[in-house]
$ cat coords-v1.cif   # mmCIF, C-alpha atoms
data_structure
loop_
_atom_site.label_atom_id
_atom_site.label_comp_id
_atom_site.auth_asym_id
_atom_site.auth_seq_id
_atom_site.Cartn_x
_atom_site.Cartn_y
_atom_site.Cartn_z
CA MET A 136 -73.59 -72.08 26.43
CA ILE A 137 -74.29 -71.79 22.69
CA THR A 138 -77.51 -69.86 23.36
CA VAL A 139 -75.76 -67.20 25.40
CA LEU A 140 -73.01 -66.95 22.78
CA GLN A 141 -75.64 -66.39 20.12
CA ALA A 142 -77.56 -63.95 22.31
CA VAL A 143 -74.48 -61.81 22.97
CA ALA A 144 -73.40 -61.89 19.32
CA ARG A 145 -76.91 -61.00 18.13
CA ARG A 146 -77.13 -58.11 20.57
CA ASP A 147 -73.74 -56.71 19.56
CA LEU A 148 -74.64 -57.01 15.88
CA LEU A 149 -77.90 -55.19 16.56
CA LEU A 150 -76.00 -52.46 18.38
CA ALA A 151 -73.54 -52.20 15.49
CA ARG A 152 -76.42 -51.88 13.03
CA ARG A 153 -77.85 -49.01 15.07
CA ARG A 154 -74.48 -47.24 15.11
CA ARG A 155 -73.61 -47.73 11.48
CA VAL A 156 -71.08 -44.92 11.20
CA GLU A 157 -69.03 -46.30 14.06
CA MET A 158 -69.10 -49.72 12.41
CA LEU A 159 -67.90 -48.41 9.05
CA LEU A 160 -65.00 -46.41 10.50
CA PRO A 161 -62.43 -49.26 10.48
CA LEU A 162 -63.34 -50.15 6.91
CA GLY A 163 -63.00 -46.52 5.86
CA PHE A 164 -59.65 -46.27 7.61
CA PHE A 165 -58.47 -49.45 5.90
CA ILE A 166 -59.35 -48.25 2.41
CA VAL A 167 -58.00 -44.72 2.87
CA ALA A 168 -54.75 -45.81 4.54
CA ALA A 169 -54.02 -48.47 1.92
CA ALA A 170 -54.90 -46.09 -0.90
CA LEU A 171 -52.37 -43.56 0.38
CA PHE A 172 -49.45 -45.90 -0.29
CA PRO A 173 -49.53 -45.87 -4.09
CA ILE A 174 -49.64 -42.08 -3.90
CA GLY A 175 -46.78 -41.88 -1.45
CA VAL A 176 -44.54 -44.56 -2.93
CA GLY A 177 -45.13 -43.68 -6.57
CA PRO A 178 -46.95 -45.50 -9.36
CA GLU A 179 -44.13 -47.96 -10.20
CA PRO A 180 -46.09 -51.22 -10.87
CA GLN A 181 -43.25 -53.52 -9.82
CA THR A 182 -42.77 -51.79 -6.46
CA LEU A 183 -46.49 -51.67 -5.78
CA ARG A 184 -46.92 -55.37 -6.48
CA GLN A 185 -44.06 -56.12 -4.13
CA ILE A 186 -45.28 -54.04 -1.20
CA GLY A 187 -48.98 -54.78 -1.83
CA PRO A 188 -49.49 -57.81 0.48
CA GLY A 189 -47.57 -56.25 3.36
CA VAL A 190 -49.36 -52.93 3.11
CA VAL A 191 -52.80 -54.52 2.96
CA TRP A 192 -52.04 -56.74 5.93
CA VAL A 193 -50.61 -53.96 8.09
CA CYS A 194 -53.49 -51.64 7.25
CA ALA A 195 -55.97 -54.41 8.07
CA LEU A 196 -54.26 -54.99 11.43
CA LEU A 197 -54.38 -51.30 12.32
CA ALA A 198 -57.98 -50.96 11.15
CA GLY A 199 -59.02 -53.98 13.20
CA MET A 200 -57.26 -52.55 16.26
CA LEU A 201 -59.21 -49.30 15.98
CA SER A 202 -62.47 -50.85 17.14
CA VAL A 203 -61.17 -53.70 19.25
CA THR A 204 -60.13 -51.25 21.99
CA GLN A 205 -63.80 -50.43 22.52
CA MET A 206 -64.99 -54.02 22.76
CA PHE A 207 -65.86 -53.91 26.48
CA ALA A 208 -65.70 -50.17 27.21
CA SER A 209 -69.35 -49.26 26.72
CA ASP A 210 -70.51 -52.39 28.54
CA LEU A 211 -68.34 -51.41 31.48
CA GLN A 212 -69.73 -47.90 31.48
CA ASP A 213 -73.42 -48.79 31.56
CA GLY A 214 -73.11 -51.76 33.91
CA SER A 215 -73.87 -54.47 31.33
CA LEU A 216 -70.49 -56.02 31.95
CA GLU A 217 -71.27 -56.54 35.65
CA GLN A 218 -74.39 -58.43 34.66
CA MET A 219 -72.41 -60.51 32.15
CA LEU A 220 -70.00 -61.48 34.93
CA ARG A 221 -72.98 -62.27 37.16
CA SER A 222 -74.57 -64.54 34.58
CA PRO A 223 -74.84 -68.23 35.45
CA GLU A 224 -73.74 -68.91 31.88
CA PRO A 225 -69.98 -69.34 31.32
CA LEU A 226 -68.20 -66.02 30.83
CA VAL A 227 -66.02 -67.63 28.17
CA ALA A 228 -69.08 -68.09 25.97
CA ILE A 229 -70.09 -64.46 26.48
CA VAL A 230 -66.60 -63.29 25.52
CA ALA A 231 -66.64 -65.58 22.49
CA GLY A 232 -69.96 -64.06 21.45
CA LYS A 233 -68.51 -60.57 21.67
CA VAL A 234 -65.44 -61.61 19.68
CA LEU A 235 -67.62 -63.21 17.01
CA ALA A 236 -69.71 -60.05 16.70
CA HIS A 237 -66.55 -57.92 16.50
CA TRP A 238 -65.14 -60.06 13.74
CA LEU A 239 -68.40 -60.03 11.77
CA THR A 240 -68.64 -56.24 11.99
CA THR A 241 -64.99 -55.29 11.37
CA GLY A 242 -62.95 -58.34 10.29
CA LEU A 243 -65.27 -59.64 7.62
CA PRO A 244 -65.71 -56.26 5.85
CA LEU A 245 -61.90 -55.96 5.72
CA VAL A 246 -61.66 -59.40 4.11
CA LEU A 247 -64.27 -58.42 1.55
CA ALA A 248 -62.59 -55.09 0.79
CA ALA A 249 -59.09 -56.56 0.50
CA PRO A 250 -59.47 -57.71 -3.16
CA LEU A 251 -60.28 -54.12 -4.13
CA ILE A 252 -57.10 -52.88 -2.53
CA GLY A 253 -55.25 -55.75 -4.19
CA LEU A 254 -56.42 -54.46 -7.58
CA LEU A 255 -55.22 -50.99 -6.61
CA PHE A 256 -51.76 -52.41 -6.11
CA GLY A 257 -51.85 -54.26 -9.43
CA MET A 258 -51.72 -57.72 -7.82
CA GLN A 259 -52.59 -60.78 -9.87
CA ALA A 260 -55.83 -62.72 -9.45
CA ALA A 261 -54.18 -65.68 -7.71
CA ALA A 262 -52.34 -63.40 -5.29
CA ILE A 263 -55.53 -61.45 -4.56
CA GLY A 264 -57.33 -64.69 -3.77
CA ALA A 265 -54.52 -65.69 -1.42
CA LEU A 266 -54.63 -62.27 0.21
CA ALA A 267 -58.33 -62.58 0.97
CA GLY A 268 -57.80 -66.13 2.19
CA THR A 269 -55.03 -65.20 4.60
CA LEU A 270 -57.05 -62.27 5.93
CA LEU A 271 -60.01 -64.60 6.42
CA LEU A 272 -57.81 -66.65 8.76
CA GLY A 273 -55.88 -63.69 10.17
CA THR A 274 -58.58 -61.19 11.14
CA PRO A 275 -60.25 -63.54 13.68
CA ILE A 276 -56.84 -63.90 15.34
CA LEU A 277 -56.72 -60.13 15.65
CA SER A 278 -60.23 -59.98 17.17
CA LEU A 279 -59.32 -62.71 19.66
CA LEU A 280 -56.02 -61.15 20.73
CA GLY A 281 -57.66 -57.75 20.81
CA ALA A 282 -60.30 -59.02 23.22
CA VAL A 283 -57.55 -60.04 25.66
CA GLY A 284 -55.85 -56.67 25.32
CA ALA A 285 -59.11 -54.77 25.72
CA ALA A 286 -60.07 -56.80 28.79
CA LEU A 287 -56.66 -56.27 30.39
CA THR A 288 -56.69 -52.50 29.90
CA LEU A 289 -60.34 -52.00 30.80
CA GLY A 290 -60.93 -48.85 32.80
CA LEU A 291 -57.42 -47.50 32.34
CA ARG A 292 -57.15 -43.91 31.19
CA SER A 293 -54.94 -44.52 28.17
CA GLY A 294 -56.30 -47.99 27.58
CA ALA A 295 -56.72 -47.69 23.82
CA ALA A 296 -53.07 -46.82 23.20
CA LEU A 297 -51.98 -49.60 25.53
CA VAL A 298 -54.04 -52.15 23.62
CA PHE A 299 -52.17 -51.18 20.46
CA LEU A 300 -48.82 -51.67 22.19
CA LEU A 301 -49.88 -54.93 23.82
CA VAL A 302 -51.60 -56.62 20.94
CA LEU A 303 -49.79 -55.53 17.78
CA PRO A 304 -46.53 -57.34 18.68
CA LEU A 305 -48.54 -60.50 19.27
CA THR A 306 -49.93 -60.33 15.75
CA VAL A 307 -46.46 -60.50 14.19
CA PRO A 308 -46.59 -64.28 13.49
CA ALA A 309 -49.92 -63.91 11.72
CA LEU A 310 -48.49 -61.03 9.69
CA ILE A 311 -45.42 -63.07 8.70
CA PHE A 312 -47.35 -66.12 7.56
CA GLY A 313 -50.12 -64.06 5.99
CA THR A 314 -47.86 -61.97 3.77
CA GLY A 315 -45.60 -64.98 3.21
CA ALA A 316 -48.48 -66.94 1.70
CA VAL A 317 -49.33 -64.16 -0.75
CA VAL A 318 -45.70 -63.69 -1.77
CA ALA A 319 -45.31 -67.46 -2.27
CA ILE A 320 -48.38 -67.68 -4.50
CA ASP A 321 -47.27 -64.61 -6.43
CA GLY A 322 -43.94 -66.34 -7.02
CA GLY A 323 -45.67 -69.50 -8.25
CA LEU A 324 -44.93 -71.56 -5.12
CA SER A 325 -47.24 -73.51 -2.87
CA ALA A 326 -48.55 -71.59 0.13
CA GLN A 327 -49.91 -74.60 1.91
CA ALA A 328 -47.43 -74.40 4.78
CA HIS A 329 -48.28 -70.76 5.40
CA PHE A 330 -51.98 -71.46 5.41
CA SER A 331 -51.54 -74.42 7.75
CA LEU A 332 -49.54 -72.31 10.18
CA LEU A 333 -52.10 -69.51 10.04
CA GLY A 334 -54.84 -72.05 10.70
CA ALA A 335 -52.88 -73.44 13.62
CA LEU A 336 -52.44 -69.93 15.01
CA LEU A 337 -56.17 -69.33 14.71
CA ILE A 338 -57.00 -72.54 16.56
CA PHE A 339 -54.45 -71.77 19.25
CA THR A 340 -55.70 -68.23 19.88
CA GLY A 341 -59.31 -69.41 19.53
CA LEU A 342 -58.79 -71.81 22.40
CA GLY A 343 -56.58 -69.62 24.54
CA ALA A 344 -57.84 -66.08 24.12
CA PRO A 345 -61.47 -66.32 25.37
CA PRO A 346 -60.53 -67.85 28.76
CA ALA A 347 -57.69 -65.33 29.11
CA ALA A 348 -60.02 -62.44 28.29
CA ALA A 349 -62.63 -63.77 30.71
CA ALA A 350 -60.07 -63.98 33.51
CA ALA A 351 -58.81 -60.49 32.69
CA LEU A 352 -62.37 -59.13 32.85
CA ARG A 353 -62.86 -60.57 36.33
CA ILE A 354 -59.65 -58.90 37.48
CA SER A 355 -60.51 -55.60 35.81
CA LEU A 356 -63.89 -55.40 37.53
CA ASP A 357 -62.67 -56.36 40.98
CA MET B 179 -101.29 -49.25 43.25
CA PRO B 180 -103.21 -51.94 41.39
CA GLN B 181 -101.04 -54.19 39.33
CA PRO B 182 -101.93 -56.60 36.59
CA SER B 183 -100.24 -59.71 37.88
CA PRO B 184 -99.27 -61.87 34.96
CA ALA B 185 -98.39 -65.39 35.92
CA THR B 186 -94.64 -65.23 35.62
CA THR B 187 -93.40 -68.72 35.95
CA ALA B 188 -90.63 -69.28 38.39
CA SER B 189 -87.52 -70.92 37.06
CA SER B 190 -85.87 -73.49 39.23
CA THR B 191 -83.28 -71.28 40.88
CA PRO B 192 -81.83 -72.90 43.95
CA THR B 193 -82.55 -70.96 47.11
CA GLY B 194 -80.32 -70.69 50.08
CA VAL B 195 -79.05 -68.45 52.82
CA LEU B 196 -76.41 -65.97 51.77
CA GLY B 197 -74.01 -65.01 54.50
CA ALA B 198 -70.59 -63.63 55.21
CA SER B 199 -68.13 -64.35 57.96
CA ALA B 200 -65.34 -62.07 59.18
CA LEU B 201 -65.49 -60.08 55.97
CA ALA B 202 -62.99 -57.28 55.42
CA CYS B 203 -62.89 -54.93 52.47
CA ARG B 204 -60.02 -52.81 51.29
CA ARG B 205 -60.33 -50.03 48.74
CA GLY B 206 -56.93 -48.75 47.75
CA ARG B 207 -54.99 -48.49 51.00
CA ARG B 208 -57.99 -47.85 53.17
CA LEU B 209 -59.64 -50.63 55.11
CA LEU B 210 -63.38 -49.93 54.92
CA PHE B 211 -64.70 -52.54 57.32
CA GLN B 212 -63.49 -55.71 58.93
CA GLY B 213 -64.81 -58.69 60.83
CA LEU B 214 -68.23 -58.23 59.32
CA ASN B 215 -70.67 -61.08 59.89
CA LEU B 216 -73.95 -61.17 58.06
CA GLN B 217 -76.71 -63.63 57.33
CA LEU B 218 -79.67 -62.99 55.08
CA GLN B 219 -82.51 -65.14 56.35
CA PRO B 220 -85.16 -66.28 53.87
CA GLY B 221 -88.06 -63.85 53.82
CA SER B 222 -86.12 -61.04 55.47
CA ILE B 223 -85.67 -57.50 54.21
CA THR B 224 -82.45 -55.87 55.32
CA TRP B 225 -81.74 -52.17 54.93
CA LEU B 226 -78.01 -51.68 54.74
CA ARG B 227 -77.07 -48.34 56.28
CA GLY B 228 -73.87 -46.43 56.47
CA ARG B 229 -72.34 -43.08 55.72
CA ASN B 230 -71.10 -42.12 52.26
CA GLY B 231 -67.95 -44.07 51.56
CA SER B 232 -68.54 -46.56 54.36
CA GLY B 233 -68.48 -49.45 51.89
CA LYS B 234 -72.13 -50.23 51.21
CA THR B 235 -71.61 -50.72 47.49
CA SER B 236 -68.36 -52.58 48.11
CA LEU B 237 -70.15 -54.98 50.45
CA LEU B 238 -72.89 -55.58 47.89
CA ARG B 239 -70.30 -56.21 45.19
CA ILE B 240 -68.50 -58.71 47.42
CA LEU B 241 -71.77 -60.47 48.20
CA ALA B 242 -72.57 -60.50 44.49
CA GLY B 243 -69.24 -62.18 43.79
CA LEU B 244 -67.98 -59.29 41.68
CA SER B 245 -65.05 -58.44 43.91
CA ALA B 246 -63.02 -60.52 46.28
CA PRO B 247 -62.97 -59.65 49.98
CA ALA B 248 -59.64 -58.73 51.57
CA GLU B 249 -60.36 -61.22 54.34
CA GLY B 250 -63.17 -63.53 55.28
CA ALA B 251 -65.45 -65.65 53.18
CA LEU B 252 -68.80 -65.71 51.52
CA LEU B 253 -71.16 -68.35 52.85
CA TRP B 254 -73.99 -70.11 51.06
CA ASN B 255 -76.13 -72.23 53.40
CA GLY B 256 -73.26 -72.01 55.85
CA ALA B 257 -70.68 -73.45 53.48
CA SER B 258 -67.78 -71.64 51.87
CA GLY B 259 -65.55 -72.62 48.97
CA GLY B 260 -65.82 -72.88 45.21
CA ALA B 261 -69.03 -74.90 44.92
CA ALA B 262 -70.81 -72.69 47.45
CA GLN B 263 -69.66 -69.59 45.57
CA GLU B 264 -71.04 -71.01 42.38
CA ALA B 265 -74.39 -71.76 44.03
CA ALA B 266 -74.47 -68.31 45.65
CA HIS B 267 -73.85 -66.80 42.24
CA ARG B 268 -76.88 -68.57 40.82
CA GLY B 269 -79.09 -67.89 43.81
CA THR B 270 -78.62 -64.12 43.95
CA LEU B 271 -79.73 -61.26 41.78
CA TYR B 272 -77.62 -58.11 41.85
CA LEU B 273 -78.89 -54.73 40.73
CA GLY B 274 -76.12 -52.18 40.77
CA HIS B 275 -75.93 -48.42 40.56
CA ALA B 276 -75.69 -48.60 36.77
CA ASN B 277 -78.82 -49.63 34.94
CA ALA B 278 -77.17 -52.08 32.52
CA LEU B 279 -79.49 -50.92 29.74
CA LYS B 280 -77.92 -50.16 26.38
CA ASP B 281 -78.76 -46.70 25.00
CA ASP B 282 -79.21 -47.94 21.44
CA LEU B 283 -81.50 -50.84 22.23
CA ARG B 284 -85.23 -50.65 22.73
CA LEU B 285 -86.22 -51.02 26.36
CA ALA B 286 -87.83 -54.44 25.84
CA GLU B 287 -84.80 -55.67 23.87
CA ALA B 288 -82.38 -54.50 26.54
CA LEU B 289 -84.39 -56.17 29.29
CA ALA B 290 -84.85 -59.37 27.29
CA PHE B 291 -81.08 -59.58 26.86
CA LEU B 292 -80.59 -59.26 30.61
CA ALA B 293 -83.19 -62.01 31.12
CA GLN B 294 -81.25 -64.19 28.71
CA LEU B 295 -78.04 -63.49 30.61
CA GLN B 296 -79.80 -64.65 33.75
CA GLY B 297 -80.52 -67.90 31.96
CA LEU B 298 -84.30 -67.42 31.88
CA ASP B 299 -86.39 -69.01 29.16
CA ASP B 300 -88.68 -67.03 26.86
CA PRO B 301 -86.91 -63.71 27.59
CA THR B 302 -89.03 -61.51 25.31
CA ARG B 303 -92.35 -62.45 26.91
CA ARG B 304 -90.89 -62.11 30.38
CA ALA B 305 -89.42 -58.70 29.56
CA ARG B 306 -92.72 -57.31 28.28
CA GLN B 307 -94.63 -58.66 31.29
CA ALA B 308 -92.08 -57.22 33.68
CA LEU B 309 -92.22 -53.81 31.99
CA ALA B 310 -96.02 -53.87 32.24
CA ARG B 311 -95.74 -54.49 35.97
CA LEU B 312 -93.47 -51.47 36.32
CA GLY B 313 -95.91 -49.33 34.32
CA LEU B 314 -93.64 -49.06 31.31
CA ALA B 315 -95.70 -51.06 28.80
CA SER B 316 -96.17 -48.02 26.58
CA ARG B 317 -92.42 -47.32 26.51
CA ALA B 318 -91.32 -50.90 25.82
CA ASP B 319 -90.44 -50.17 22.20
CA ALA B 320 -88.77 -46.83 22.85
CA PRO B 321 -84.98 -46.66 22.56
CA VAL B 322 -83.41 -46.44 26.00
CA ARG B 323 -81.67 -43.17 25.08
CA THR B 324 -85.05 -41.42 24.78
CA LEU B 325 -86.13 -42.34 28.31
CA SER B 326 -85.83 -40.13 31.36
CA GLN B 327 -83.54 -41.01 34.25
CA GLY B 328 -86.47 -42.28 36.33
CA GLN B 329 -87.86 -44.35 33.47
CA ARG B 330 -84.47 -45.97 32.94
CA ARG B 331 -84.25 -46.81 36.61
CA ARG B 332 -87.70 -48.32 36.45
CA GLY B 333 -86.65 -50.29 33.37
CA ALA B 334 -83.67 -51.63 35.30
CA LEU B 335 -85.90 -52.50 38.25
CA ALA B 336 -88.14 -54.46 35.89
CA ARG B 337 -85.47 -57.15 36.19
CA LEU B 338 -86.91 -57.87 39.61
CA ALA B 339 -90.21 -58.79 38.01
CA LEU B 340 -88.71 -61.13 35.42
CA ASP B 341 -88.79 -64.20 37.56
CA ASP B 342 -90.70 -65.37 40.61
CA ALA B 343 -87.93 -67.53 42.03
CA PRO B 344 -87.31 -66.84 45.73
CA CYS B 345 -83.68 -65.92 45.22
CA THR B 346 -81.67 -63.39 47.20
CA TRP B 347 -81.81 -59.83 45.93
CA LEU B 348 -78.91 -57.44 46.36
CA LEU B 349 -80.11 -53.96 45.43
CA ASP B 350 -77.87 -50.90 45.33
CA GLU B 351 -79.91 -47.73 45.82
CA PRO B 352 -83.04 -49.09 44.14
CA TYR B 353 -85.13 -46.08 45.24
CA ASP B 354 -82.90 -43.64 43.39
CA ALA B 355 -84.65 -41.31 40.90
CA LEU B 356 -88.08 -42.92 41.35
CA ASP B 357 -91.41 -41.09 41.57
CA THR B 358 -93.96 -41.95 44.28
CA ASP B 359 -95.84 -44.42 42.08
CA ALA B 360 -92.67 -46.30 41.22
CA VAL B 361 -91.60 -46.28 44.87
CA ALA B 362 -94.87 -48.01 45.75
CA VAL B 363 -94.45 -50.58 42.98
CA LEU B 364 -90.87 -51.32 44.03
CA SER B 365 -91.87 -51.68 47.68
CA GLY B 366 -94.61 -54.05 46.56
CA LEU B 367 -92.12 -56.13 44.58
CA ILE B 368 -89.69 -56.30 47.50
CA GLU B 369 -92.39 -57.26 50.00
CA ALA B 370 -93.76 -59.88 47.60
CA GLN B 371 -90.27 -61.32 47.23
CA ALA B 372 -89.89 -61.53 51.00
CA GLY B 373 -93.32 -63.16 51.13
CA ARG B 374 -92.12 -65.82 48.71
CA GLY B 375 -89.22 -66.61 50.99
CA GLY B 376 -86.54 -64.67 49.20
CA ALA B 377 -84.12 -62.46 51.11
CA VAL B 378 -83.60 -58.84 50.15
CA LEU B 379 -80.62 -56.65 51.01
CA LEU B 380 -80.81 -53.04 49.88
CA THR B 381 -79.07 -49.75 50.40
CA SER B 382 -80.90 -46.46 50.52
CA HIS B 383 -80.16 -42.92 51.62
CA GLN B 384 -83.74 -42.33 52.68
CA ALA B 385 -85.74 -44.35 55.16
CA VAL B 386 -87.25 -47.26 53.28
CA PRO B 387 -91.05 -47.53 53.14
CA LEU B 388 -91.00 -51.27 53.72
CA ALA B 389 -92.94 -53.29 56.24
CA GLY B 390 -90.73 -55.54 58.34
CA ALA B 391 -87.39 -54.19 57.15
CA THR B 392 -84.54 -54.50 59.63
CA ALA B 393 -81.67 -52.08 59.53
CA PHE B 394 -78.11 -53.32 59.31
CA ASP B 395 -75.61 -50.64 60.19
CA LEU B 396 -72.07 -50.78 58.80
CA GLU B 397 -70.79 -48.42 61.52
CA PRO B 398 -69.84 -51.08 64.15
CA TRP B 399 -67.67 -52.91 61.62
CA ARG B 400 -65.80 -49.84 60.49
CA ALA B 401 -62.07 -50.33 60.60
CA PRO B 402 -60.34 -48.12 63.15
#

$ encode --input "coords-v1.cif" --output "structure tokens"
Amino acid sequence: MITVLQAVARRDLLLARRRRVEMLLPLGFFIVAAALFPIGVGPEPQTLRQIGPGVVWVCALLAGMLSVTQMFASDLQDGSLEQMLRSPEPLVAIVAGKVLAHWLTTGLPLVLAAPLIGLLFGMQAAAIGALAGTLLLGTPILSLLGAVGAALTLGLRSGAALVFLLVLPLTVPALIFGTGAVVAIDGGLSAQAHFSLLGALLIFTGLGAPPAAAAALRISLD
Amino acid sequence: MPQPSPATTASSTPTGVLGASALACRRGRRLLFQGLNLQLQPGSITWLRGRNGSGKTSLLRILAGLSAPAEGALLWNGASGGAAQEAAHRGTLYLGHANALKDDLRLAEALAFLAQLQGLDDPTRRARQALARLGLASRADAPVRTLSQGQRRRGALARLALDDAPCTWLLDEPYDALDTDAVAVLSGLIEAQAGRGGAVLLTSHQAVPLAGATAFDLEPWRAP
């Protein structure tokens, strides 16, 4: 089970490395979209610091969604997905491998780029640290939920747009606790509760999403 | 055609008789066939025939466990139900219309991944040996996107040479896009599989150049 998870993740990472431009698109979108806000809102430091966490989080969610819609599409097209469903290994492990690869190629770069955006918004060091920490917990949730959405809409003509509509509302709790933690730390309060809830959300989606995505894939291919 | 025959070790795949009883298939609103009974005896080669749209691919997909039949059941050694389905899943190899090779991977990498999905050990060695048997040894390190249609098909068919286990093969149009050499190699692989006691079910538009193949016509089961 672990071997097939590793095998799928390694293959998807290899594919991402061979299509580097595609892999960097979400990161580029994230940086450009977040950088537009200071220009649009105006350079008032107080305002920027206030909207900073929310903007970074929302931009990260949208950037993560960009690539999650394609998680199974190319595998469906070239028949790889049929063979994954035919594998004697558990499909849940295969889905988990794909989610892991997606997070490593899009989620992790967003986490690493977030401090830069934080600086752009004039956030303090402690708040920037909290921002990166919440995204570290939050982006895997997005990859997991996105996998379910992508599996459900597989093969539909306007699948990508549907994934946005299906998955983004589900990420609202993560968004609330994620930005809440940064705001709390910025205000000198403890953010432990927020982090605990984010962690709980991650565990919950981590356990629930792969089986749901696997079941959705079986239905989509029928 | 002479073949170097590397000693591919057989993994312990359980063998059995794949069958179907009173199978019906519905695509959209149309009933393609119904009441279909089928049994793939060990060592038999069955050529599935039917007109375009008669449900050949749908039948293969049902037998492969990829889609659910509208009626009827899949049998493995005469038994139906969850455990039998699971065993049938492990005991069959399905090769669909699509090649399942990723454009951006090298041919050997793509094949090794498919071997890994099948749960075979030492996938890289198996993949290279299988490609050599299909005459693709020189193209093993070429990206799949640079290969011709026929070479890709041959690369996909190399999956048949990955393992020597006498499992049941379900092949959808395996002779598509192949040159005469590759046709001979594929026929050799299929006959060898039947010789090992594995069953083979294949679809083909042309008459198949296989010794001992029996035809199975979908026409009698066509829904009125």

$ residues_around --input "coords-v1.cif" --residues "Ile354 (chain A)" --least-positions-apart "3" --cutoff "10 Å" --atoms "all atoms listed in the file" --output "list in words"
Ala286, Leu287, Leu289, Ala348, Ala349, Ala350, Ala351 and Asp357 of chain A; Leu244, Ser245 and Ala246 of chain B

$ resolve_selection --input "coords-v1.cif" --expression "the PyMOL selection byres ((chain A) within 12 of (chain B))" --output "ChimeraX atom specification"
/A:136-155,209-226,228-229,352-357

$ write_last_selection --input "coords-v1.cif" --atoms "C-alpha atoms" --output "PDB file, keeping the file's coordinate frame"
ATOM      1  CA  MET A 136     -73.590 -72.080  26.430  1.00  0.00           C
ATOM      2  CA  ILE A 137     -74.290 -71.790  22.690  1.00  0.00           C
ATOM      3  CA  THR A 138     -77.510 -69.860  23.360  1.00  0.00           C
ATOM      4  CA  VAL A 139     -75.760 -67.200  25.400  1.00  0.00           C
ATOM      5  CA  LEU A 140     -73.010 -66.950  22.780  1.00  0.00           C
ATOM      6  CA  GLN A 141     -75.640 -66.390  20.120  1.00  0.00           C
ATOM      7  CA  ALA A 142     -77.560 -63.950  22.310  1.00  0.00           C
ATOM      8  CA  VAL A 143     -74.480 -61.810  22.970  1.00  0.00           C
ATOM      9  CA  ALA A 144     -73.400 -61.890  19.320  1.00  0.00           C
ATOM     10  CA  ARG A 145     -76.910 -61.000  18.130  1.00  0.00           C
ATOM     11  CA  ARG A 146     -77.130 -58.110  20.570  1.00  0.00           C
ATOM     12  CA  ASP A 147     -73.740 -56.710  19.560  1.00  0.00           C
ATOM     13  CA  LEU A 148     -74.640 -57.010  15.880  1.00  0.00           C
ATOM     14  CA  LEU A 149     -77.900 -55.190  16.560  1.00  0.00           C
ATOM     15  CA  LEU A 150     -76.000 -52.460  18.380  1.00  0.00           C
ATOM     16  CA  ALA A 151     -73.540 -52.200  15.490  1.00  0.00           C
ATOM     17  CA  ARG A 152     -76.420 -51.880  13.030  1.00  0.00           C
ATOM     18  CA  ARG A 153     -77.850 -49.010  15.070  1.00  0.00           C
ATOM     19  CA  ARG A 154     -74.480 -47.240  15.110  1.00  0.00           C
ATOM     20  CA  ARG A 155     -73.610 -47.730  11.480  1.00  0.00           C
ATOM     21  CA  SER A 209     -69.350 -49.260  26.720  1.00  0.00           C
ATOM     22  CA  ASP A 210     -70.510 -52.390  28.540  1.00  0.00           C
ATOM     23  CA  LEU A 211     -68.340 -51.410  31.480  1.00  0.00           C
ATOM     24  CA  GLN A 212     -69.730 -47.900  31.480  1.00  0.00           C
ATOM     25  CA  ASP A 213     -73.420 -48.790  31.560  1.00  0.00           C
ATOM     26  CA  GLY A 214     -73.110 -51.760  33.910  1.00  0.00           C
ATOM     27  CA  SER A 215     -73.870 -54.470  31.330  1.00  0.00           C
ATOM     28  CA  LEU A 216     -70.490 -56.020  31.950  1.00  0.00           C
ATOM     29  CA  GLU A 217     -71.270 -56.540  35.650  1.00  0.00           C
ATOM     30  CA  GLN A 218     -74.390 -58.430  34.660  1.00  0.00           C
ATOM     31  CA  MET A 219     -72.410 -60.510  32.150  1.00  0.00           C
ATOM     32  CA  LEU A 220     -70.000 -61.480  34.930  1.00  0.00           C
ATOM     33  CA  ARG A 221     -72.980 -62.270  37.160  1.00  0.00           C
ATOM     34  CA  SER A 222     -74.570 -64.540  34.580  1.00  0.00           C
ATOM     35  CA  PRO A 223     -74.840 -68.230  35.450  1.00  0.00           C
ATOM     36  CA  GLU A 224     -73.740 -68.910  31.880  1.00  0.00           C
ATOM     37  CA  PRO A 225     -69.980 -69.340  31.320  1.00  0.00           C
ATOM     38  CA  LEU A 226     -68.200 -66.020  30.830  1.00  0.00           C
ATOM     39  CA  ALA A 228     -69.080 -68.090  25.970  1.00  0.00           C
ATOM     40  CA  ILE A 229     -70.090 -64.460  26.480  1.00  0.00           C
ATOM     41  CA  LEU A 352     -62.370 -59.130  32.850  1.00  0.00           C
ATOM     42  CA  ARG A 353     -62.860 -60.570  36.330  1.00  0.00           C
ATOM     43  CA  ILE A 354     -59.650 -58.900  37.480  1.00  0.00           C
ATOM     44  CA  SER A 355     -60.510 -55.600  35.810  1.00  0.00           C
ATOM     45  CA  LEU A 356     -63.890 -55.400  37.530  1.00  0.00           C
ATOM     46  CA  ASP A 357     -62.670 -56.360  40.980  1.00  0.00           C
TER      47      ASP A 357
END

$ resolve_selection --input "coords-v1.cif" --expression "the PyMOL selection byres ((chain A and resi 244-255) around 9)" --output "number ranges by chain"
A: 159, 161-162, 165-166, 169-170, 173, 183-184, 187-188, 191-192, 195, 198-199, 238-243, 256-260, 262-264, 266-271, 274

$ resolve_selection --input "coords-v1.cif" --expression "the PyMOL selection byres ((chain A and resi 345) around 9)" --output "MDAnalysis selection string"
chainID A and resid 226:231 234 279:280 282:283 340:344 346:350

$ residues_around --input "coords-v1.cif" --residues "Thr358 (chain B)" --least-positions-apart "3" --cutoff "12 Å" --atoms "only C-alpha atoms" --output "MDAnalysis selection string"
chainID B and resid 179 328 332 353:355 361:365 387
